[in-house]
$ cat structure22.cif   # mmCIF, C-alpha atoms
data_query
#
loop_
_atom_site.label_atom_id
_atom_site.label_comp_id
_atom_site.auth_asym_id
_atom_site.auth_seq_id
_atom_site.Cartn_x
_atom_site.Cartn_y
_atom_site.Cartn_z
CA MET U 862 6.23 -16.33 -23.60
CA LYS U 863 9.12 -17.26 -25.89
CA GLY U 864 8.19 -20.91 -25.71
CA VAL U 865 4.59 -20.17 -26.67
CA ILE U 866 5.64 -17.99 -29.60
CA LEU U 867 8.14 -20.51 -30.93
CA GLY U 868 5.62 -23.31 -30.49
CA LEU U 869 3.25 -21.49 -32.83
CA GLN U 870 5.81 -19.84 -35.10
CA PRO U 871 9.15 -21.74 -35.09
CA ARG U 872 10.61 -19.32 -37.65
CA ALA U 873 10.17 -16.31 -35.38
CA HIS U 874 13.21 -14.19 -34.52
CA LEU U 875 12.81 -13.18 -30.89
CA VAL U 876 14.54 -10.01 -29.71
CA ASP U 877 14.46 -8.72 -26.14
CA ILE U 878 14.23 -4.94 -25.90
CA THR U 879 14.62 -5.02 -22.11
CA HIS U 880 13.60 -6.94 -19.00
CA GLU U 881 14.82 -4.19 -16.67
CA ILE U 882 11.67 -2.08 -16.39
CA PRO U 883 10.89 -1.43 -12.71
CA ALA U 884 8.01 -3.63 -11.58
CA GLY U 885 4.67 -2.18 -12.65
CA ASP U 886 6.20 1.00 -14.12
CA ILE U 887 3.99 1.49 -17.17
CA ARG U 888 5.55 4.83 -18.16
CA ALA U 889 9.07 3.38 -18.10
CA GLY U 890 7.94 0.50 -20.31
CA ALA U 891 6.22 2.91 -22.68
CA PHE U 892 9.35 5.04 -22.96
CA ALA U 893 11.61 2.06 -23.63
CA LEU U 894 9.29 0.84 -26.39
CA ALA U 895 8.98 4.30 -27.94
CA ALA U 896 12.75 4.79 -27.96
CA SER U 897 13.54 1.44 -29.59
CA HIS U 898 10.71 0.19 -31.79
CA GLY U 899 11.64 2.26 -34.83
CA PHE U 900 14.96 0.47 -35.32
CA PHE U 901 13.26 -2.83 -36.16
CA PRO U 902 12.35 -3.95 -39.69
CA ARG U 903 8.90 -3.28 -41.10
CA GLY U 904 6.37 -5.92 -40.16
CA THR U 905 7.87 -6.54 -36.71
CA VAL U 906 5.35 -7.51 -34.04
CA HIS U 907 6.13 -5.66 -30.79
CA VAL U 908 4.82 -7.21 -27.58
CA ALA U 909 4.99 -5.02 -24.48
CA VAL U 910 3.83 -6.43 -21.17
CA VAL U 911 4.03 -4.13 -18.17
CA ASP U 912 0.69 -5.13 -16.77
CA PRO U 913 -0.15 -4.43 -13.12
CA GLY U 914 -3.86 -4.72 -14.03
CA VAL U 915 -3.55 -8.29 -15.33
CA GLY U 916 -6.71 -10.32 -14.59
CA SER U 917 -8.84 -7.21 -14.09
CA GLY U 918 -11.24 -5.54 -16.50
CA ARG U 919 -8.51 -3.73 -18.42
CA ARG U 920 -8.64 -4.46 -22.13
CA ALA U 921 -6.07 -6.26 -24.24
CA ILE U 922 -5.37 -4.66 -27.62
CA ALA U 923 -3.55 -5.23 -30.89
CA VAL U 924 -2.65 -2.31 -33.13
CA GLN U 925 -1.51 -2.19 -36.73
CA THR U 926 0.44 0.83 -37.95
CA VAL U 927 1.93 1.53 -41.35
CA ASN U 928 5.16 -0.15 -40.22
CA TYR U 929 4.45 -2.52 -37.33
CA PHE U 930 2.08 -4.45 -35.10
CA PHE U 931 1.84 -3.74 -31.37
CA VAL U 932 0.30 -6.11 -28.83
CA GLY U 933 -0.23 -5.52 -25.12
CA PRO U 934 -2.51 -4.38 -22.33
CA ASP U 935 -4.58 -1.24 -22.89
CA ASN U 936 -3.00 0.68 -20.03
CA GLY U 937 -0.86 3.19 -21.94
CA VAL U 938 2.26 1.04 -22.34
CA LEU U 939 1.89 1.11 -26.13
CA SER U 940 0.81 4.74 -26.40
CA LEU U 941 4.12 6.61 -26.58
CA ALA U 942 5.33 4.38 -29.42
CA LEU U 943 1.97 4.68 -31.20
CA ALA U 944 2.22 8.48 -30.99
CA ARG U 945 5.18 8.20 -33.38
CA GLU U 946 3.38 5.91 -35.80
CA LYS U 947 0.58 6.26 -38.35
CA ILE U 948 -2.14 3.99 -36.97
CA LYS U 949 -4.16 1.89 -39.41
CA ALA U 950 -6.38 -0.07 -36.99
CA VAL U 951 -6.88 -0.85 -33.28
CA HIS U 952 -8.67 -4.02 -32.16
CA GLN U 953 -9.59 -5.35 -28.76
CA ILE U 954 -8.27 -8.87 -28.23
CA THR U 955 -11.26 -11.06 -27.40
CA ASN U 956 -10.95 -14.16 -29.63
CA GLU U 957 -10.35 -16.83 -27.01
CA GLN U 958 -9.63 -19.43 -29.70
CA LEU U 959 -6.22 -17.76 -30.05
CA PHE U 960 -5.39 -17.99 -26.32
CA LEU U 961 -3.37 -20.59 -24.48
CA HIS U 962 -5.75 -22.49 -22.19
CA PRO U 963 -6.35 -22.41 -19.32
CA VAL U 964 -5.77 -18.65 -19.23
CA SER U 965 -4.01 -17.56 -16.07
CA ASN U 966 -5.29 -14.41 -14.36
CA THR U 967 -1.70 -13.49 -13.53
CA PHE U 968 0.17 -14.17 -16.80
CA HIS U 969 -1.60 -12.78 -19.86
CA GLY U 970 1.81 -12.22 -21.42
CA ARG U 971 2.12 -15.97 -21.86
CA ASP U 972 -1.52 -16.94 -22.38
CA VAL U 973 -2.95 -14.02 -24.38
CA PHE U 974 -0.36 -11.65 -25.81
CA ALA U 975 2.28 -14.18 -26.88
CA PRO U 976 -0.09 -16.43 -28.89
CA VAL U 977 -1.80 -13.44 -30.50
CA ALA U 978 1.59 -11.98 -31.49
CA ALA U 979 2.72 -15.33 -32.93
CA ASN U 980 -0.43 -15.62 -35.01
CA LEU U 981 -0.09 -12.07 -36.31
CA SER U 982 3.49 -12.87 -37.37
CA LYS U 983 2.09 -15.82 -39.34
CA GLY U 984 -0.23 -13.51 -41.26
CA LEU U 985 -3.43 -13.63 -39.20
CA PRO U 986 -5.61 -10.63 -40.21
CA LEU U 987 -5.89 -8.15 -37.36
CA GLY U 988 -9.68 -8.33 -37.46
CA LYS U 989 -9.53 -11.95 -36.33
CA VAL U 990 -8.30 -11.00 -32.83
CA GLY U 991 -11.51 -9.14 -31.97
CA ALA U 992 -13.64 -6.11 -32.73
CA SER U 993 -12.30 -2.78 -33.94
CA ILE U 994 -12.21 0.01 -31.34
CA LYS U 995 -11.78 3.75 -31.73
CA GLU U 996 -9.89 4.74 -28.60
CA PHE U 997 -7.14 3.33 -26.39
CA VAL U 998 -5.47 4.49 -23.20
CA LYS U 999 -2.86 7.20 -23.77
CA LEU U 1000 -0.31 8.31 -21.22
CA SER U 1001 -0.01 12.05 -20.77
CA SER U 1002 3.04 13.29 -22.62
CA PRO U 1003 3.49 17.04 -22.13
CA GLU U 1004 5.41 18.89 -24.81
CA PRO U 1005 8.51 20.87 -23.76
CA GLN U 1006 7.93 24.63 -23.56
CA ARG U 1007 10.03 27.01 -25.66
CA THR U 1008 11.07 30.55 -24.94
CA ALA U 1009 13.45 32.74 -26.93
CA ASN U 1010 16.50 31.14 -25.36
CA SER U 1011 15.40 28.14 -23.31
CA ILE U 1012 13.57 24.82 -23.43
CA LYS U 1013 11.67 23.57 -20.38
CA GLY U 1014 10.96 19.85 -20.25
CA GLU U 1015 10.83 17.13 -17.65
CA ILE U 1016 12.44 13.85 -16.68
CA ALA U 1017 10.63 11.06 -18.54
CA TYR U 1018 12.63 7.95 -17.62
CA ILE U 1019 15.45 6.88 -15.32
CA ASP U 1020 17.55 3.95 -16.52
CA ARG U 1021 19.43 1.32 -14.52
CA PHE U 1022 22.61 3.45 -14.52
CA GLY U 1023 20.79 6.29 -12.78
CA ASN U 1024 20.75 8.43 -15.91
CA ALA U 1025 17.66 10.65 -16.24
CA ILE U 1026 16.34 10.90 -19.79
CA THR U 1027 14.18 13.95 -20.44
CA ASN U 1028 11.45 14.60 -22.99
CA ILE U 1029 13.61 17.27 -24.66
CA ASP U 1030 14.34 16.17 -28.22
CA ASN U 1031 17.99 16.36 -29.27
CA THR U 1032 17.03 18.09 -32.52
CA LYS U 1033 15.61 21.05 -30.59
CA LEU U 1034 18.87 21.84 -28.81
CA ALA U 1035 20.56 23.36 -31.85
CA SER U 1036 17.92 26.08 -31.96
CA LEU U 1037 19.20 27.64 -28.74
CA ALA U 1038 21.60 30.57 -28.84
CA GLU U 1039 25.17 29.75 -29.81
CA GLY U 1040 27.56 29.42 -26.92
CA LEU U 1041 27.35 27.49 -23.71
CA ARG U 1042 24.15 25.63 -22.97
CA GLU U 1043 23.49 25.06 -19.28
CA ILE U 1044 21.00 22.92 -17.37
CA ILE U 1045 18.81 24.53 -14.71
CA PHE U 1046 17.36 22.10 -12.15
CA ARG U 1047 15.41 23.08 -9.04
CA GLY U 1048 16.14 26.72 -9.89
CA LYS U 1049 19.93 26.28 -9.91
CA ARG U 1050 22.59 25.62 -12.51
CA LEU U 1051 23.36 21.90 -12.49
CA CYS U 1052 25.76 21.42 -15.37
CA GLU U 1053 26.48 22.19 -19.02
CA LEU U 1054 25.52 20.40 -22.20
CA GLN U 1055 28.39 18.26 -23.50
CA PRO U 1056 28.80 15.78 -26.39
CA PHE U 1057 29.75 12.77 -24.21
CA TYR U 1058 29.97 11.63 -20.58
CA GLN U 1059 33.71 11.99 -20.03
CA ALA U 1060 33.74 15.59 -21.21
CA VAL U 1061 33.50 16.36 -17.46
CA PRO U 1062 35.64 15.07 -14.57
CA HIS U 1063 34.79 11.83 -12.78
CA ARG U 1064 31.69 12.07 -10.55
CA LYS U 1065 30.62 15.39 -12.06
CA PRO U 1066 27.17 15.96 -13.59
CA VAL U 1067 26.73 16.39 -17.32
CA ALA U 1068 23.91 16.71 -19.84
CA VAL U 1069 24.32 14.69 -23.03
CA PRO U 1070 22.14 14.24 -26.14
CA VAL U 1071 21.99 10.43 -26.15
CA SER U 1072 21.06 7.59 -28.48
CA SER U 1073 17.41 7.54 -27.41
CA GLY U 1074 17.02 10.84 -29.25
CA PHE U 1075 16.55 12.87 -26.08
CA LEU U 1076 18.62 14.92 -23.64
CA GLU U 1077 19.94 12.98 -20.66
CA LEU U 1078 21.19 14.09 -17.26
CA ALA U 1079 24.05 11.91 -16.08
CA LEU U 1080 26.91 11.65 -13.62
CA ASN U 1081 30.23 10.61 -15.11
CA GLY U 1082 30.97 7.27 -13.45
CA GLY U 1083 27.98 7.30 -11.12
CA SER U 1084 24.22 7.60 -10.66
CA ALA U 1085 22.80 11.06 -11.21
CA ALA U 1086 19.44 9.84 -9.90
CA LYS U 1087 20.91 8.90 -6.52
CA LYS U 1088 23.22 11.90 -6.15
CA PHE U 1089 20.59 14.50 -7.02
CA ASN U 1090 17.46 12.59 -5.93
CA LEU U 1091 16.00 12.71 -9.43
CA ARG U 1092 12.43 11.61 -10.08
CA VAL U 1093 10.27 11.18 -13.15
CA GLY U 1094 8.23 14.32 -13.78
CA GLN U 1095 10.72 16.83 -12.36
CA ALA U 1096 11.27 19.94 -14.47
CA VAL U 1097 14.50 20.47 -16.43
CA ILE U 1098 15.44 23.68 -18.25
CA VAL U 1099 18.08 23.99 -20.96
CA ARG U 1100 19.19 27.61 -21.32
CA GLY U 1101 21.42 29.11 -23.95
CA LYS U 1102 24.22 31.17 -22.47
CA PRO U 1103 26.34 33.23 -24.90
CA HIS U 1104 30.11 33.13 -24.46
#
$ encode --input "structure22.cif" --output "structure tokens"
Amino acid sequence: MKGVILGLQPRAHLVDITHEIPAGDIRAGAFALAASHGFFPRGTVHVAVVDPGVGSGRRAIAVQTVNYFFVGPDNGVLSLALAREKIKAVHQITNEQLFLHPVSNTFHGRDVFAPVAANLSKGLPLGKVGASIKEFVKLSSPEPQRTANSIKGEIAYIDRFGNAITNIDNTKLASLAEGLREIIFRGKRLCELQPFYQAVPHRKPVAVPVSSGFLELALNGGSAAKKFNLRVGQAVIVRGKPH
């Protein structure tokens, strides 16, 4: 993919967000893109390829927002990032003149998405990639539930360290009652909210508001996912507990 992009646009600056998404895990790819895309300069073309449906009838799309372009399969991998953006236009990628030929049925990242992204970075109008469409696939993204003194969310992503990142926004935590804030998992108290990992002893669980912008469940010096058998979609409750 990098070779194709540089062949078409030698001035491109290529930046890897990650190559550590579990194979075929569309939601993990979507989360990684949503957590990172906003740090790039305006005009950046983001290419996300987690594509278990490659070669099938799933659509390929290119999206222009106020700040960026996004290119990838229409399977939801772009949707969490797009939910944070003001969308200007969505087009299905069908202009085969832009593709690398012959097009492989197993590597659209190289043969479809990379050349389209390179051409967009060179100033190709979005309408040239194909027809405008109204809808695209969106992953379900439930909002955390608030009560007077708690926030109930869920695990959205587990990283390679075994940390479980939830969908609970860091900015919402301050609204809980002053005092200790504890994490309830599977109906039991798991740990307390702390500002950093080593605020607890080695191999003890901790909840930390991390750089992704969301609350994370971690194990100081280990894998919380392995120790507590954490899975994406499991419920997590943050509860204010006065001193």
$ atom_distance --input "structure22.cif" --atom1 "CA of Gly885 (chain U)" --atom2 "CA of Ile922 (chain U)"
18.2 Å
$ closest_residue --input "structure22.cif" --among "U:Ser965, U:Ser1073, U:Gln958, U:Ser1036" --to "Ala895 (chain U)" --atoms "all atoms listed in the file"
U:Ser1073
$ atom_distance --input "structure22.cif" --atom1 "CA of Pro1070 (chain U)" --atom2 "CA of Leu943 (chain U)"
22.9 Å
$ residues_around --input "structure22.cif" --residues "Ile1019 (chain U)" --least-positions-apart "2" --cutoff "9 Å" --atoms "all atoms listed in the file" --output "VMD selection string"
chain U and resid 889 1016 to 1017 1021 to 1027 1086 1091 to 1093
$ resolve_selection --input "structure22.cif" --expression "the PyMOL selection byres ((chain U and resi 973) around 8)" --output "list in words"
Leu959, Phe960, Leu961, Val964, His969, Gly970, Arg971, Asp972, Phe974, Ala975, Pro976 and Val977 of chain U
$ residues_around --input "structure22.cif" --residues "region 875-882 of chain U" --least-positions-apart "5" --cutoff "12 Å" --atoms "all atoms listed in the file" --output "PyMOL selection string"
chain U and resi 862-867+870+887-902+905-912+938+975+978-979+982+1018-1022
$ atom_distance --input "structure22.cif" --atom1 "CA of Ala1060 (chain U)" --atom2 "CA of Gly1048 (chain U)"
23.7 Å
$ closest_residue --input "structure22.cif" --among "U:Pro1062, U:Gly991, U:Gly1074, U:Gly1101" --to "Arg1007 (chain U)" --atoms "only C-alpha atoms"
U:Gly1101
$ residues_near_point --input "structure22.cif" --point "(18.7, 18.0, -29.7)" --cutoff "8 Å" --atoms "only C-alpha atoms" --output "list in words"
Ile1029, Asp1030, Asn1031, Thr1032, Lys1033, Leu1034, Ala1035, Pro1070, Gly1074, Phe1075 and Leu1076 of chain U
$ resolve_selection --input "structure22.cif" --expression "the PyMOL selection byres ((chain U and resi 1063) around 12)" --output "CSV table (one decimal) with C-alpha atoms, keeping the file's coordinate frame"
chain,number,residue,atom,x,y,z
U,1058,TYR,CA,30.0,11.6,-20.6
U,1059,GLN,CA,33.7,12.0,-20.0
U,1060,ALA,CA,33.7,15.6,-21.2
U,1061,VAL,CA,33.5,16.4,-17.5
U,1062,PRO,CA,35.6,15.1,-14.6
U,1064,ARG,CA,31.7,12.1,-10.6
U,1065,LYS,CA,30.6,15.4,-12.1
U,1066,PRO,CA,27.2,16.0,-13.6
U,1067,VAL,CA,26.7,16.4,-17.3
U,1079,ALA,CA,24.0,11.9,-16.1
U,1080,LEU,CA,26.9,11.6,-13.6
U,1081,ASN,CA,30.2,10.6,-15.1
U,1082,GLY,CA,31.0,7.3,-13.4
U,1083,GLY,CA,28.0,7.3,-11.1
U,1084,SER,CA,24.2,7.6,-10.7
$ residues_around --input "structure22.cif" --residues "Ser993 (chain U)" --least-positions-apart "6" --cutoff "10 Å" --atoms "all atoms listed in the file" --output "MDAnalysis selection string"
chainID U and resid 922:924 950:954 987
$ closest_residue --input "structure22.cif" --among "U:Pro1056, U:Glu1043, U:Lys949, U:Gly904" --to "Tyr929 (chain U)" --atoms "all atoms listed in the file"
U:Gly904
$ closest_residue --input "structure22.cif" --among "U:Ala1096, U:Ser1011, U:Asp886, U:Arg872" --to "Lys983 (chain U)" --atoms "all atoms listed in the file"
U:Arg872
$ residues_around --input "structure22.cif" --residues "Arg1050 (chain U)" --least-positions-apart "5" --cutoff "10 Å" --atoms "all atoms listed in the file" --output "list in words"
Glu1043, Ile1044, Ile1045, Ile1098, Val1099 and Arg1100 of chain U
$ closest_residue --input "structure22.cif" --among "U:Arg903, U:Ala1009, U:Gln1095, U:Arg1042" --to "Val1069 (chain U)" --atoms "all atoms listed in the file"
U:Arg1042
$ closest_residue --input "structure22.cif" --among "U:Phe968, U:Ala1068, U:Ile1012, U:Arg920" --to "Phe997 (chain U)" --atoms "all atoms listed in the file"
U:Arg920
$ residues_around --input "structure22.cif" --residues "Val998 (chain U)" --least-positions-apart "2" --cutoff "6 Å" --atoms "all atoms listed in the file" --output "ChimeraX atom specification"
/U:935-937
$ build_atoms --input "structure22.cif" --residues "region 947-975 of chain U" --atoms "N, CA and C atoms" --output "PDB file, keeping the file's coordinate frame"
ATOM      1  N   LYS U 947       1.861   6.035 -37.686  1.00  0.00           N
ATOM      2  CA  LYS U 947       0.580   6.260 -38.350  1.00  0.00           C
ATOM      3  C   LYS U 947      -0.267   5.018 -38.157  1.00  0.00           C
ATOM      4  N   ILE U 948      -1.314   5.134 -37.353  1.00  0.00           N
ATOM      5  CA  ILE U 948      -2.140   3.990 -36.970  1.00  0.00           C
ATOM      6  C   ILE U 948      -3.128   3.653 -38.087  1.00  0.00           C
ATOM      7  N   LYS U 949      -3.193   2.363 -38.423  1.00  0.00           N
ATOM      8  CA  LYS U 949      -4.160   1.890 -39.410  1.00  0.00           C
ATOM      9  C   LYS U 949      -5.406   1.310 -38.744  1.00  0.00           C
ATOM     10  N   ALA U 950      -5.229   0.564 -37.647  1.00  0.00           N
ATOM     11  CA  ALA U 950      -6.380  -0.070 -36.990  1.00  0.00           C
ATOM     12  C   ALA U 950      -6.015  -0.459 -35.564  1.00  0.00           C
ATOM     13  N   VAL U 951      -7.013  -0.412 -34.678  1.00  0.00           N
ATOM     14  CA  VAL U 951      -6.880  -0.850 -33.280  1.00  0.00           C
ATOM     15  C   VAL U 951      -8.002  -1.839 -33.003  1.00  0.00           C
ATOM     16  N   HIS U 952      -7.665  -3.004 -32.462  1.00  0.00           N
ATOM     17  CA  HIS U 952      -8.670  -4.020 -32.160  1.00  0.00           C
ATOM     18  C   HIS U 952      -8.500  -4.511 -30.731  1.00  0.00           C
ATOM     19  N   GLN U 953      -9.625  -4.728 -30.077  1.00  0.00           N
ATOM     20  CA  GLN U 953      -9.590  -5.350 -28.760  1.00  0.00           C
ATOM     21  C   GLN U 953      -9.403  -6.849 -28.933  1.00  0.00           C
ATOM     22  N   ILE U 954      -8.540  -7.427 -28.145  1.00  0.00           N
ATOM     23  CA  ILE U 954      -8.270  -8.870 -28.230  1.00  0.00           C
ATOM     24  C   ILE U 954      -9.316  -9.611 -27.401  1.00  0.00           C
ATOM     25  N   THR U 955     -10.201 -10.318 -28.090  1.00  0.00           N
ATOM     26  CA  THR U 955     -11.260 -11.060 -27.400  1.00  0.00           C
ATOM     27  C   THR U 955     -11.441 -12.481 -27.925  1.00  0.00           C
ATOM     28  N   ASN U 956     -10.767 -12.831 -29.024  1.00  0.00           N
ATOM     29  CA  ASN U 956     -10.950 -14.160 -29.630  1.00  0.00           C
ATOM     30  C   ASN U 956     -10.220 -15.206 -28.804  1.00  0.00           C
ATOM     31  N   GLU U 957     -10.960 -15.880 -27.945  1.00  0.00           N
ATOM     32  CA  GLU U 957     -10.350 -16.830 -27.010  1.00  0.00           C
ATOM     33  C   GLU U 957      -9.800 -18.067 -27.714  1.00  0.00           C
ATOM     34  N   GLN U 958     -10.185 -18.295 -28.960  1.00  0.00           N
ATOM     35  CA  GLN U 958      -9.630 -19.430 -29.700  1.00  0.00           C
ATOM     36  C   GLN U 958      -8.127 -19.263 -29.937  1.00  0.00           C
ATOM     37  N   LEU U 959      -7.657 -18.026 -29.853  1.00  0.00           N
ATOM     38  CA  LEU U 959      -6.220 -17.760 -30.050  1.00  0.00           C
ATOM     39  C   LEU U 959      -5.426 -17.933 -28.758  1.00  0.00           C
ATOM     40  N   PHE U 960      -6.085 -18.003 -27.612  1.00  0.00           N
ATOM     41  CA  PHE U 960      -5.390 -17.990 -26.320  1.00  0.00           C
ATOM     42  C   PHE U 960      -4.829 -19.365 -25.980  1.00  0.00           C
ATOM     43  N   LEU U 961      -3.870 -19.353 -25.076  1.00  0.00           N
ATOM     44  CA  LEU U 961      -3.370 -20.590 -24.480  1.00  0.00           C
ATOM     45  C   LEU U 961      -4.264 -20.916 -23.283  1.00  0.00           C
ATOM     46  N   HIS U 962      -4.803 -22.124 -23.253  1.00  0.00           N
ATOM     47  CA  HIS U 962      -5.750 -22.490 -22.190  1.00  0.00           C
ATOM     48  C   HIS U 962      -5.148 -23.528 -21.249  1.00  0.00           C
ATOM     49  N   PRO U 963      -5.506 -23.433 -19.950  1.00  0.00           N
ATOM     50  CA  PRO U 963      -6.350 -22.410 -19.320  1.00  0.00           C
ATOM     51  C   PRO U 963      -5.624 -21.075 -19.214  1.00  0.00           C
ATOM     52  N   VAL U 964      -6.366 -19.987 -19.305  1.00  0.00           N
ATOM     53  CA  VAL U 964      -5.770 -18.650 -19.230  1.00  0.00           C
ATOM     54  C   VAL U 964      -5.562 -18.267 -17.775  1.00  0.00           C
ATOM     55  N   SER U 965      -4.319 -17.989 -17.428  1.00  0.00           N
ATOM     56  CA  SER U 965      -4.010 -17.560 -16.070  1.00  0.00           C
ATOM     57  C   SER U 965      -4.431 -16.108 -15.868  1.00  0.00           C
ATOM     58  N   ASN U 966      -4.951 -15.793 -14.693  1.00  0.00           N
ATOM     59  CA  ASN U 966      -5.290 -14.410 -14.360  1.00  0.00           C
ATOM     60  C   ASN U 966      -4.072 -13.582 -13.967  1.00  0.00           C
ATOM     61  N   THR U 967      -2.903 -14.215 -13.931  1.00  0.00           N
ATOM     62  CA  THR U 967      -1.700 -13.490 -13.530  1.00  0.00           C
ATOM     63  C   THR U 967      -0.613 -13.487 -14.606  1.00  0.00           C
ATOM     64  N   PHE U 968      -0.877 -14.099 -15.789  1.00  0.00           N
ATOM     65  CA  PHE U 968       0.170 -14.170 -16.800  1.00  0.00           C
ATOM     66  C   PHE U 968      -0.432 -14.109 -18.206  1.00  0.00           C
ATOM     67  N   HIS U 969      -1.053 -12.960 -18.521  1.00  0.00           N
ATOM     68  CA  HIS U 969      -1.600 -12.780 -19.860  1.00  0.00           C
ATOM     69  C   HIS U 969      -0.500 -12.631 -20.909  1.00  0.00           C
ATOM     70  N   GLY U 970       0.699 -12.264 -20.478  1.00  0.00           N
ATOM     71  CA  GLY U 970       1.810 -12.220 -21.420  1.00  0.00           C
ATOM     72  C   GLY U 970       2.011 -13.558 -22.088  1.00  0.00           C
ATOM     73  N   ARG U 971       1.944 -14.627 -21.336  1.00  0.00           N
ATOM     74  CA  ARG U 971       2.120 -15.970 -21.860  1.00  0.00           C
ATOM     75  C   ARG U 971       0.867 -16.485 -22.570  1.00  0.00           C
ATOM     76  N   ASP U 972      -0.298 -16.256 -21.945  1.00  0.00           N
ATOM     77  CA  ASP U 972      -1.520 -16.940 -22.380  1.00  0.00           C
ATOM     78  C   ASP U 972      -2.358 -16.165 -23.390  1.00  0.00           C
ATOM     79  N   VAL U 973      -2.160 -14.848 -23.464  1.00  0.00           N
ATOM     80  CA  VAL U 973      -2.950 -14.020 -24.380  1.00  0.00           C
ATOM     81  C   VAL U 973      -2.057 -13.306 -25.396  1.00  0.00           C
ATOM     82  N   PHE U 974      -1.125 -12.497 -24.901  1.00  0.00           N
ATOM     83  CA  PHE U 974      -0.360 -11.650 -25.810  1.00  0.00           C
ATOM     84  C   PHE U 974       0.629 -12.427 -26.670  1.00  0.00           C
ATOM     85  N   ALA U 975       1.313 -13.403 -26.095  1.00  0.00           N
ATOM     86  CA  ALA U 975       2.280 -14.180 -26.880  1.00  0.00           C
ATOM     87  C   ALA U 975       1.615 -14.957 -28.019  1.00  0.00           C
TER      88      ALA U 975
END
